[in-house]
$ cat input-v3.cif   # mmCIF, C-alpha atoms
data_start
#
loop_
_atom_site.label_atom_id
_atom_site.label_comp_id
_atom_site.auth_asym_id
_atom_site.auth_seq_id
_atom_site.Cartn_x
_atom_site.Cartn_y
_atom_site.Cartn_z
CA MET A 190 -18.95 -67.76 59.82
CA VAL A 191 -16.80 -70.39 61.56
CA LEU A 192 -14.58 -67.75 63.15
CA GLU A 193 -17.51 -65.94 64.76
CA GLU A 194 -18.90 -69.24 66.11
CA ALA A 195 -15.49 -70.16 67.54
CA MET A 196 -15.18 -66.81 69.28
CA THR A 197 -18.72 -67.04 70.66
CA ASN A 198 -17.94 -70.52 72.03
CA LEU A 199 -14.81 -69.13 73.69
CA ASP A 200 -16.86 -66.38 75.30
CA ILE A 201 -14.92 -63.65 73.54
CA ASP A 202 -16.34 -60.14 73.83
CA LYS A 203 -18.81 -59.28 71.05
CA GLN A 204 -16.99 -56.10 70.07
CA VAL A 205 -13.72 -58.01 69.76
CA SER A 206 -15.47 -60.68 67.66
CA TYR A 207 -16.86 -57.95 65.40
CA GLU A 208 -13.44 -56.33 64.97
CA VAL A 209 -11.68 -59.63 64.22
CA GLY A 210 -14.48 -60.57 61.81
CA MET A 211 -14.07 -57.26 59.99
CA ALA A 212 -10.31 -57.70 59.64
CA VAL A 213 -10.45 -61.33 58.54
CA ARG A 214 -13.16 -60.60 55.98
CA GLU A 215 -10.89 -57.93 54.46
CA ALA A 216 -7.86 -60.24 54.51
CA VAL A 217 -9.73 -63.05 52.77
CA ALA A 218 -11.24 -60.68 50.22
CA ASN A 219 -7.78 -59.27 49.44
CA ALA A 220 -6.32 -62.79 49.17
CA ILE A 221 -8.98 -63.84 46.67
CA GLU A 222 -9.11 -60.64 44.63
CA HIS A 223 -5.58 -59.26 44.72
CA GLY A 224 -3.56 -62.35 45.74
CA ASN A 225 -5.16 -65.10 43.69
CA ARG A 226 -6.63 -62.64 41.18
CA SER A 227 -9.93 -64.49 41.52
CA ALA A 228 -8.48 -67.64 39.89
CA PRO A 229 -10.94 -70.39 40.91
CA GLU A 230 -8.24 -73.08 41.10
CA LYS A 231 -6.21 -71.10 43.65
CA LYS A 232 -6.98 -71.50 47.33
CA VAL A 233 -6.95 -69.26 50.36
CA LYS A 234 -6.01 -70.90 53.64
CA VAL A 235 -7.13 -69.44 56.95
CA ALA A 236 -5.57 -70.65 60.22
CA LEU A 237 -6.66 -69.59 63.68
CA ASP A 238 -4.49 -69.85 66.78
CA PHE A 239 -6.14 -69.09 70.08
CA LEU A 240 -3.17 -68.40 72.34
CA PRO A 241 -3.20 -67.21 75.96
CA GLY A 242 -4.42 -63.61 75.77
CA GLU A 243 -4.07 -63.43 72.03
CA LEU A 244 -5.74 -64.55 68.82
CA VAL A 245 -3.57 -65.00 65.74
CA VAL A 246 -5.17 -65.38 62.31
CA ARG A 247 -3.10 -66.28 59.26
CA VAL A 248 -4.57 -65.82 55.78
CA ARG A 249 -2.46 -67.23 52.94
CA ASP A 250 -3.07 -66.95 49.22
CA GLU A 251 -1.42 -68.65 46.22
CA GLY A 252 -0.72 -65.50 44.24
CA ASP A 253 2.47 -63.81 43.09
CA GLY A 254 2.90 -61.69 46.19
CA PHE A 255 2.68 -57.94 46.52
CA ASP A 256 4.35 -55.01 48.21
CA PRO A 257 2.07 -53.59 50.93
CA GLU A 258 4.09 -50.36 50.84
CA ARG A 259 2.91 -49.74 47.28
CA VAL A 260 -0.77 -49.74 48.20
CA ALA A 261 -2.12 -46.20 47.79
CA ASP A 262 -3.05 -44.38 51.00
CA PRO A 263 -6.88 -44.45 51.07
CA LEU A 264 -6.91 -41.42 53.38
CA ALA A 265 -5.04 -39.16 50.96
CA PRO A 266 -7.50 -36.54 49.68
CA VAL A 267 -6.94 -37.65 46.08
CA ASN A 268 -7.95 -41.23 46.99
CA LEU A 269 -10.84 -40.48 49.33
CA LEU A 270 -13.51 -41.13 46.70
CA ARG A 271 -11.92 -44.24 45.23
CA PRO A 272 -14.29 -47.21 45.44
CA SER A 273 -11.59 -49.62 46.64
CA GLY A 274 -8.29 -49.78 48.53
CA ARG A 275 -9.48 -49.64 52.16
CA GLY A 276 -8.98 -53.28 53.17
CA ILE A 277 -5.53 -52.89 54.74
CA LEU A 278 -6.71 -49.75 56.54
CA PHE A 279 -9.52 -51.77 58.14
CA MET A 280 -7.15 -54.59 59.11
CA ARG A 281 -4.81 -52.11 60.80
CA LYS A 282 -7.64 -50.35 62.61
CA PHE A 283 -9.38 -53.46 63.90
CA MET A 284 -6.36 -55.57 64.89
CA ASP A 285 -3.43 -54.91 67.23
CA GLU A 286 -0.78 -56.01 64.78
CA ILE A 287 -0.53 -56.95 61.12
CA ASP A 288 2.46 -58.56 59.41
CA TYR A 289 3.19 -60.14 56.05
CA THR A 290 5.35 -63.05 55.03
CA PHE A 291 6.11 -64.02 51.46
CA GLY A 292 6.66 -67.63 50.40
CA LEU A 293 9.69 -68.57 48.28
CA ASP A 294 7.37 -70.12 45.72
CA GLY A 295 4.96 -67.20 45.77
CA GLY A 296 1.95 -66.55 47.91
CA THR A 297 1.42 -63.96 50.59
CA GLU A 298 0.50 -64.66 54.18
CA VAL A 299 -1.03 -61.90 56.25
CA ILE A 300 -0.73 -62.44 60.00
CA LEU A 301 -3.33 -60.66 62.11
CA ARG A 302 -2.95 -60.46 65.90
CA LYS A 303 -5.60 -59.40 68.40
CA LEU A 304 -5.06 -59.12 72.12
CA LEU A 305 -7.88 -60.75 74.05
CA ARG A 306 -8.78 -58.93 77.21
CA GLY A 307 -10.92 -60.31 80.02
CA SER A 308 -13.75 -58.46 81.72
CA ASN A 309 -11.17 -56.83 84.04
CA GLY A 310 -9.42 -55.29 81.05
CA LEU A 311 -6.27 -57.37 81.40
CA THR A 312 -4.93 -60.05 79.10
CA ASP A 313 -4.48 -63.49 80.67
CA GLU A 314 -0.73 -62.83 80.79
CA GLU A 315 -1.18 -59.51 82.61
CA GLU A 316 -3.73 -61.07 84.98
CA SER A 317 -1.33 -63.86 86.06
CA ARG A 318 1.40 -61.45 87.18
CA MET B 184 -29.78 -58.11 52.14
CA LYS B 185 -33.05 -56.36 51.32
CA VAL B 186 -33.40 -52.71 50.30
CA ASP B 187 -36.76 -51.06 50.97
CA VAL B 188 -37.60 -48.17 48.66
CA ARG B 189 -40.06 -45.36 49.31
CA HIS B 190 -40.59 -41.85 47.99
CA ARG B 191 -41.28 -38.62 49.81
CA GLU B 192 -41.44 -35.09 48.46
CA GLY B 193 -39.29 -35.85 45.44
CA VAL B 194 -36.71 -37.79 47.41
CA THR B 195 -36.13 -41.52 46.99
CA ILE B 196 -35.42 -43.11 50.35
CA LEU B 197 -33.44 -46.35 50.21
CA GLU B 198 -33.39 -48.41 53.38
CA PRO B 199 -30.98 -51.35 53.24
CA LYS B 200 -31.43 -53.95 55.97
CA GLY B 201 -28.63 -56.18 57.25
CA LYS B 202 -25.02 -56.36 56.13
CA ILE B 203 -23.50 -54.27 53.36
CA THR B 204 -20.50 -56.51 52.87
CA ILE B 205 -18.61 -58.15 50.03
CA GLY B 206 -20.81 -60.42 47.96
CA VAL B 207 -23.86 -59.80 50.14
CA GLY B 208 -25.23 -56.29 50.38
CA ASP B 209 -22.79 -54.39 48.21
CA ILE B 210 -24.38 -55.50 44.93
CA ALA B 211 -27.92 -55.07 46.31
CA LEU B 212 -27.08 -51.48 47.24
CA ARG B 213 -25.58 -50.80 43.81
CA ASP B 214 -28.65 -52.25 42.07
CA ALA B 215 -31.02 -50.17 44.22
CA VAL B 216 -29.16 -46.94 43.42
CA VAL B 217 -28.95 -47.72 39.69
CA GLU B 218 -32.67 -48.59 39.55
CA SER B 219 -33.53 -45.34 41.34
CA LEU B 220 -31.45 -43.31 38.87
CA GLU B 221 -32.96 -45.14 35.90
CA ALA B 222 -36.43 -44.39 37.28
CA GLY B 223 -35.56 -40.70 37.18
CA SER B 224 -34.64 -40.10 40.82
CA ARG B 225 -31.90 -37.57 41.41
CA ASN B 226 -32.28 -36.98 45.15
CA ILE B 227 -31.47 -40.11 47.12
CA LEU B 228 -31.50 -40.52 50.88
CA LEU B 229 -29.80 -43.61 52.24
CA ASP B 230 -31.40 -44.59 55.55
CA LEU B 231 -28.86 -46.86 57.24
CA ASN B 232 -30.67 -47.40 60.56
CA GLN B 233 -31.02 -51.15 59.97
CA VAL B 234 -27.51 -51.79 58.68
CA SER B 235 -25.64 -54.07 61.08
CA THR B 236 -22.22 -54.24 59.40
CA ILE B 237 -20.46 -52.48 56.56
CA ASP B 238 -17.06 -53.51 55.20
CA SER B 239 -14.65 -51.91 52.72
CA SER B 240 -16.66 -53.27 49.82
CA GLY B 241 -19.84 -51.72 51.23
CA VAL B 242 -18.04 -48.43 51.79
CA GLY B 243 -16.82 -48.64 48.20
CA GLU B 244 -20.39 -49.03 46.96
CA MET B 245 -21.50 -46.04 49.01
CA VAL B 246 -18.69 -43.95 47.50
CA SER B 247 -19.56 -45.18 43.99
CA ALA B 248 -23.21 -44.36 44.58
CA TYR B 249 -22.26 -40.89 45.82
CA THR B 250 -20.10 -40.10 42.78
CA THR B 251 -22.58 -41.62 40.31
CA VAL B 252 -25.50 -39.64 41.70
CA THR B 253 -23.43 -36.44 41.93
CA ASN B 254 -22.15 -36.84 38.35
CA ARG B 255 -25.76 -37.03 37.16
CA GLY B 256 -26.57 -33.76 38.86
CA GLY B 257 -28.22 -35.33 41.89
CA LYS B 258 -27.54 -35.57 45.60
CA LEU B 259 -27.01 -38.56 47.86
CA LYS B 260 -27.28 -38.03 51.60
CA LEU B 261 -27.31 -40.30 54.64
CA LEU B 262 -29.83 -40.75 57.43
CA ASN B 263 -29.79 -42.56 60.80
CA LEU B 264 -26.20 -43.76 61.01
CA PRO B 265 -25.73 -46.60 63.52
CA PRO B 266 -22.60 -46.26 65.73
CA LYS B 267 -20.72 -48.94 63.79
CA VAL B 268 -21.34 -47.12 60.51
CA VAL B 269 -20.24 -43.80 62.06
CA ASP B 270 -17.07 -45.58 63.20
CA ILE B 271 -16.40 -46.88 59.68
CA LEU B 272 -17.01 -43.45 58.13
CA GLN B 273 -14.61 -41.90 60.65
CA ILE B 274 -11.91 -44.52 59.99
CA THR B 275 -12.18 -43.89 56.25
CA GLN B 276 -12.56 -40.11 56.77
CA LEU B 277 -15.66 -40.26 54.57
CA ILE B 278 -17.61 -38.63 57.39
CA THR B 279 -16.27 -35.38 55.89
CA VAL B 280 -17.67 -36.26 52.45
CA PHE B 281 -21.20 -37.44 53.17
CA GLU B 282 -23.90 -35.16 54.48
CA ALA B 283 -25.66 -37.07 57.27
CA PHE B 284 -28.84 -36.44 59.25
CA GLU B 285 -30.53 -37.85 62.34
CA GLU B 286 -34.05 -36.65 61.48
CA GLU B 287 -35.84 -37.61 58.27
CA ASP B 288 -37.78 -34.34 58.09
CA GLU B 289 -34.57 -32.35 58.29
CA ALA B 290 -32.91 -34.56 55.68
CA ILE B 291 -35.83 -34.23 53.24
CA ALA B 292 -35.90 -30.44 53.68
CA SER B 293 -32.18 -30.22 52.89
CA PHE B 294 -32.54 -31.37 49.26
#
$ encode --input "input-v3.cif" --output "structure tokens"
Amino acid sequence: MVLEEAMTNLDIDKQVSYEVGMAVREAVANAIEHGNRSAPEKKVKVALDFLPGELVVRVRDEGDGFDPERVADPLAPVNLLRPSGRGILFMRKFMDEIDYTFGLDGGTEVILRKLLRGSNGLTDEEESR
Amino acid sequence: MKVDVRHREGVTILEPKGKITIGVGDIALRDAVVESLEAGSRNILLDLNQVSTIDSSGVGEMVSAYTTVTNRGGKLKLLNLPPKVVDILQITQLITVFEAFEEEDEAIASF
């Protein structure tokens, strides 16, 4: 996976790489399955921004958009044994922040942010103070 | 992903190796469980000691396997959960659903 290689090259902590990889895998899977409804002609674009102390990943589909608030809570007892519906839960657990934007001509972009901490436990921004 | 299959004292032990993730190990796991059921197995022990990563699709397959086996009057239990899998089962609160063991002898005796 390109993302994992990029993070390894940037000497990012293995646990952080694992968590980002988990979240991005879920975002891309959601974009293909629920966003583009598996239409082969529709694309999913993934953009990575390595910023000081922070990694931002944007995953954009070409679907009709959706309301994240309407996704059933996978932790509700009635949903616990459902075979699907845990992707957003994983994204929230493994990233520091998750946002959505919706294009005027359709398409959903999920924005995933992860703080990158150095070996001293501080982000670059905190370390420079 | 490869799934090793062995049998012990009436229990089918499935040992997936590698990732149980979308498009990779999820289907292999499903196939292994279905084949075990079709071969007459009702007691299935999923040994996850060599699973490196599991995503929501993999969790979904585990849940499907659990309900399918249970609906057919059988039992599906877990063995040797790596820390990352424990973490995933805690996040999804499925740790309360699955019966999990650290020792194979104890797991086999529980069926």
$ residues_around --input "input-v3.cif" --residues "Ser293 of chain B" --least-positions-apart "4" --cutoff "12 Å" --atoms "only C-alpha atoms" --output "list in words"
Glu192, Gly193, Val194, Asn226, Ile227, Leu228, Lys258, Leu259, Lys260, Leu261, Leu262, Glu282, Ala283, Phe284, Glu286, Glu287, Asp288 and Glu289 of chain B
$ resolve_selection --input "input-v3.cif" --expression "the PyMOL selection byres ((chain B) within 12 of (chain A))" --output "ChimeraX atom specification"
/B:202-206,209,213,235-251,253,267,270-281
$ atom_distance --input "input-v3.cif" --atom1 "atom CA of Thr297 of chain A" --atom2 "atom CA of Ser227 of chain A"
14.5 Å
$ atom_distance --input "input-v3.cif" --atom1 "atom CA of Arg281 of chain A" --atom2 "atom CA of Val191 of chain A"
21.9 Å
$ resolve_selection --input "input-v3.cif" --expression "the PyMOL selection byres ((chain B and resi 197) around 7)" --output "list in words"
Val186, Asp187, Val188, Arg189, Thr195, Ile196, Glu198, Pro199, Leu228, Leu229 and Asp230 of chain B
$ atom_distance --input "input-v3.cif" --atom1 "atom CA of Val260 of chain A" --atom2 "atom CA of His223 of chain A"
11.2 Å
$ resolve_selection --input "input-v3.cif" --expression "the PyMOL selection byres ((chain A and resi 252-256) around 9)" --output "PDB file with C-alpha atoms, in the frame of the given file"
ATOM      1  CA  ALA A 220      -6.320 -62.790  49.170  1.00  0.00           C
ATOM      2  CA  ILE A 221      -8.980 -63.840  46.670  1.00  0.00           C
ATOM      3  CA  HIS A 223      -5.580 -59.260  44.720  1.00  0.00           C
ATOM      4  CA  GLY A 224      -3.560 -62.350  45.740  1.00  0.00           C
ATOM      5  CA  ASN A 225      -5.160 -65.100  43.690  1.00  0.00           C
ATOM      6  CA  ARG A 226      -6.630 -62.640  41.180  1.00  0.00           C
ATOM      7  CA  LYS A 231      -6.210 -71.100  43.650  1.00  0.00           C
ATOM      8  CA  ASP A 250      -3.070 -66.950  49.220  1.00  0.00           C
ATOM      9  CA  GLU A 251      -1.420 -68.650  46.220  1.00  0.00           C
ATOM     10  CA  PRO A 257       2.070 -53.590  50.930  1.00  0.00           C
ATOM     11  CA  GLU A 258       4.090 -50.360  50.840  1.00  0.00           C
ATOM     12  CA  ARG A 259       2.910 -49.740  47.280  1.00  0.00           C
ATOM     13  CA  VAL A 260      -0.770 -49.740  48.200  1.00  0.00           C
ATOM     14  CA  PHE A 291       6.110 -64.020  51.460  1.00  0.00           C
ATOM     15  CA  GLY A 292       6.660 -67.630  50.400  1.00  0.00           C
ATOM     16  CA  ASP A 294       7.370 -70.120  45.720  1.00  0.00           C
ATOM     17  CA  GLY A 295       4.960 -67.200  45.770  1.00  0.00           C
ATOM     18  CA  GLY A 296       1.950 -66.550  47.910  1.00  0.00           C
ATOM     19  CA  THR A 297       1.420 -63.960  50.590  1.00  0.00           C
ATOM     20  CA  GLU A 298       0.500 -64.660  54.180  1.00  0.00           C
TER      21      GLU A 298
END
$ residues_around --input "input-v3.cif" --residues "segment 204-206 of chain A" --least-positions-apart "6" --cutoff "12 Å" --atoms "only C-alpha atoms" --output "MDAnalysis selection string"
(chainID A and resid 190:198 212:214 243:244 283:285 302:308) or (chainID B and resid 267)
$ build_atoms --input "input-v3.cif" --residues "segment 212-241 of chain A" --atoms "N, CA and C atoms" --output "compact mmCIF listing (two decimals), keeping the file's coordinate frame"
# COMPACT_ATOMS: atom_id res chain seq x y z
N ALA A 212 -11.68 -57.61 60.17
CA ALA A 212 -10.31 -57.70 59.64
C ALA A 212 -10.11 -58.95 58.79
N VAL A 213 -10.65 -60.08 59.28
CA VAL A 213 -10.45 -61.33 58.54
C VAL A 213 -11.22 -61.30 57.22
N ARG A 214 -12.41 -60.72 57.23
CA ARG A 214 -13.16 -60.60 55.98
C ARG A 214 -12.35 -59.83 54.94
N GLU A 215 -11.71 -58.73 55.38
CA GLU A 215 -10.89 -57.93 54.46
C GLU A 215 -9.67 -58.72 53.97
N ALA A 216 -9.05 -59.47 54.89
CA ALA A 216 -7.86 -60.24 54.51
C ALA A 216 -8.21 -61.31 53.48
N VAL A 217 -9.32 -61.99 53.71
CA VAL A 217 -9.73 -63.05 52.77
C VAL A 217 -10.13 -62.45 51.42
N ALA A 218 -10.85 -61.34 51.47
CA ALA A 218 -11.24 -60.68 50.22
C ALA A 218 -10.02 -60.24 49.42
N ASN A 219 -9.02 -59.68 50.11
CA ASN A 219 -7.78 -59.27 49.44
C ASN A 219 -7.05 -60.48 48.86
N ALA A 220 -7.02 -61.58 49.63
CA ALA A 220 -6.32 -62.79 49.17
C ALA A 220 -6.95 -63.34 47.90
N ILE A 221 -8.28 -63.33 47.85
CA ILE A 221 -8.98 -63.84 46.67
C ILE A 221 -8.81 -62.90 45.49
N GLU A 222 -9.06 -61.61 45.73
CA GLU A 222 -9.11 -60.64 44.63
C GLU A 222 -7.72 -60.21 44.16
N HIS A 223 -6.88 -59.79 45.12
CA HIS A 223 -5.58 -59.26 44.72
C HIS A 223 -4.49 -60.33 44.72
N GLY A 224 -4.57 -61.28 45.67
CA GLY A 224 -3.56 -62.35 45.74
C GLY A 224 -3.78 -63.35 44.62
N ASN A 225 -4.88 -64.05 44.67
CA ASN A 225 -5.16 -65.10 43.69
C ASN A 225 -5.76 -64.56 42.40
N ARG A 226 -6.01 -63.28 42.35
CA ARG A 226 -6.63 -62.64 41.18
C ARG A 226 -7.89 -63.39 40.72
N SER A 227 -8.64 -63.82 41.73
CA SER A 227 -9.93 -64.49 41.52
C SER A 227 -9.83 -65.79 40.72
N ALA A 228 -8.63 -66.37 40.61
CA ALA A 228 -8.48 -67.64 39.89
C ALA A 228 -9.16 -68.75 40.71
N PRO A 229 -10.15 -69.43 40.13
CA PRO A 229 -10.94 -70.39 40.91
C PRO A 229 -10.13 -71.59 41.40
N GLU A 230 -9.02 -71.91 40.70
CA GLU A 230 -8.24 -73.08 41.10
C GLU A 230 -7.28 -72.77 42.26
N LYS A 231 -7.12 -71.48 42.57
CA LYS A 231 -6.21 -71.10 43.65
C LYS A 231 -6.98 -71.00 44.98
N LYS A 232 -6.30 -71.44 46.03
CA LYS A 232 -6.98 -71.50 47.33
C LYS A 232 -6.49 -70.41 48.28
N VAL A 233 -7.33 -70.14 49.25
CA VAL A 233 -6.95 -69.26 50.36
C VAL A 233 -7.07 -70.09 51.63
N LYS A 234 -5.99 -70.13 52.39
CA LYS A 234 -6.01 -70.90 53.64
C LYS A 234 -6.08 -69.94 54.83
N VAL A 235 -6.98 -70.25 55.75
CA VAL A 235 -7.13 -69.44 56.95
C VAL A 235 -6.84 -70.32 58.16
N ALA A 236 -5.91 -69.89 59.01
CA ALA A 236 -5.57 -70.65 60.22
C ALA A 236 -5.78 -69.76 61.43
N LEU A 237 -6.40 -70.33 62.45
CA LEU A 237 -6.66 -69.59 63.68
C LEU A 237 -5.85 -70.20 64.81
N ASP A 238 -5.19 -69.39 65.58
CA ASP A 238 -4.49 -69.85 66.78
C ASP A 238 -5.00 -69.06 67.97
N PHE A 239 -5.70 -69.74 68.84
CA PHE A 239 -6.14 -69.09 70.08
C PHE A 239 -5.05 -69.32 71.12
N LEU A 240 -4.27 -68.31 71.39
CA LEU A 240 -3.17 -68.40 72.34
C LEU A 240 -3.59 -67.69 73.63
N PRO A 241 -2.85 -67.91 74.72
CA PRO A 241 -3.20 -67.21 75.96
C PRO A 241 -3.19 -65.68 75.75
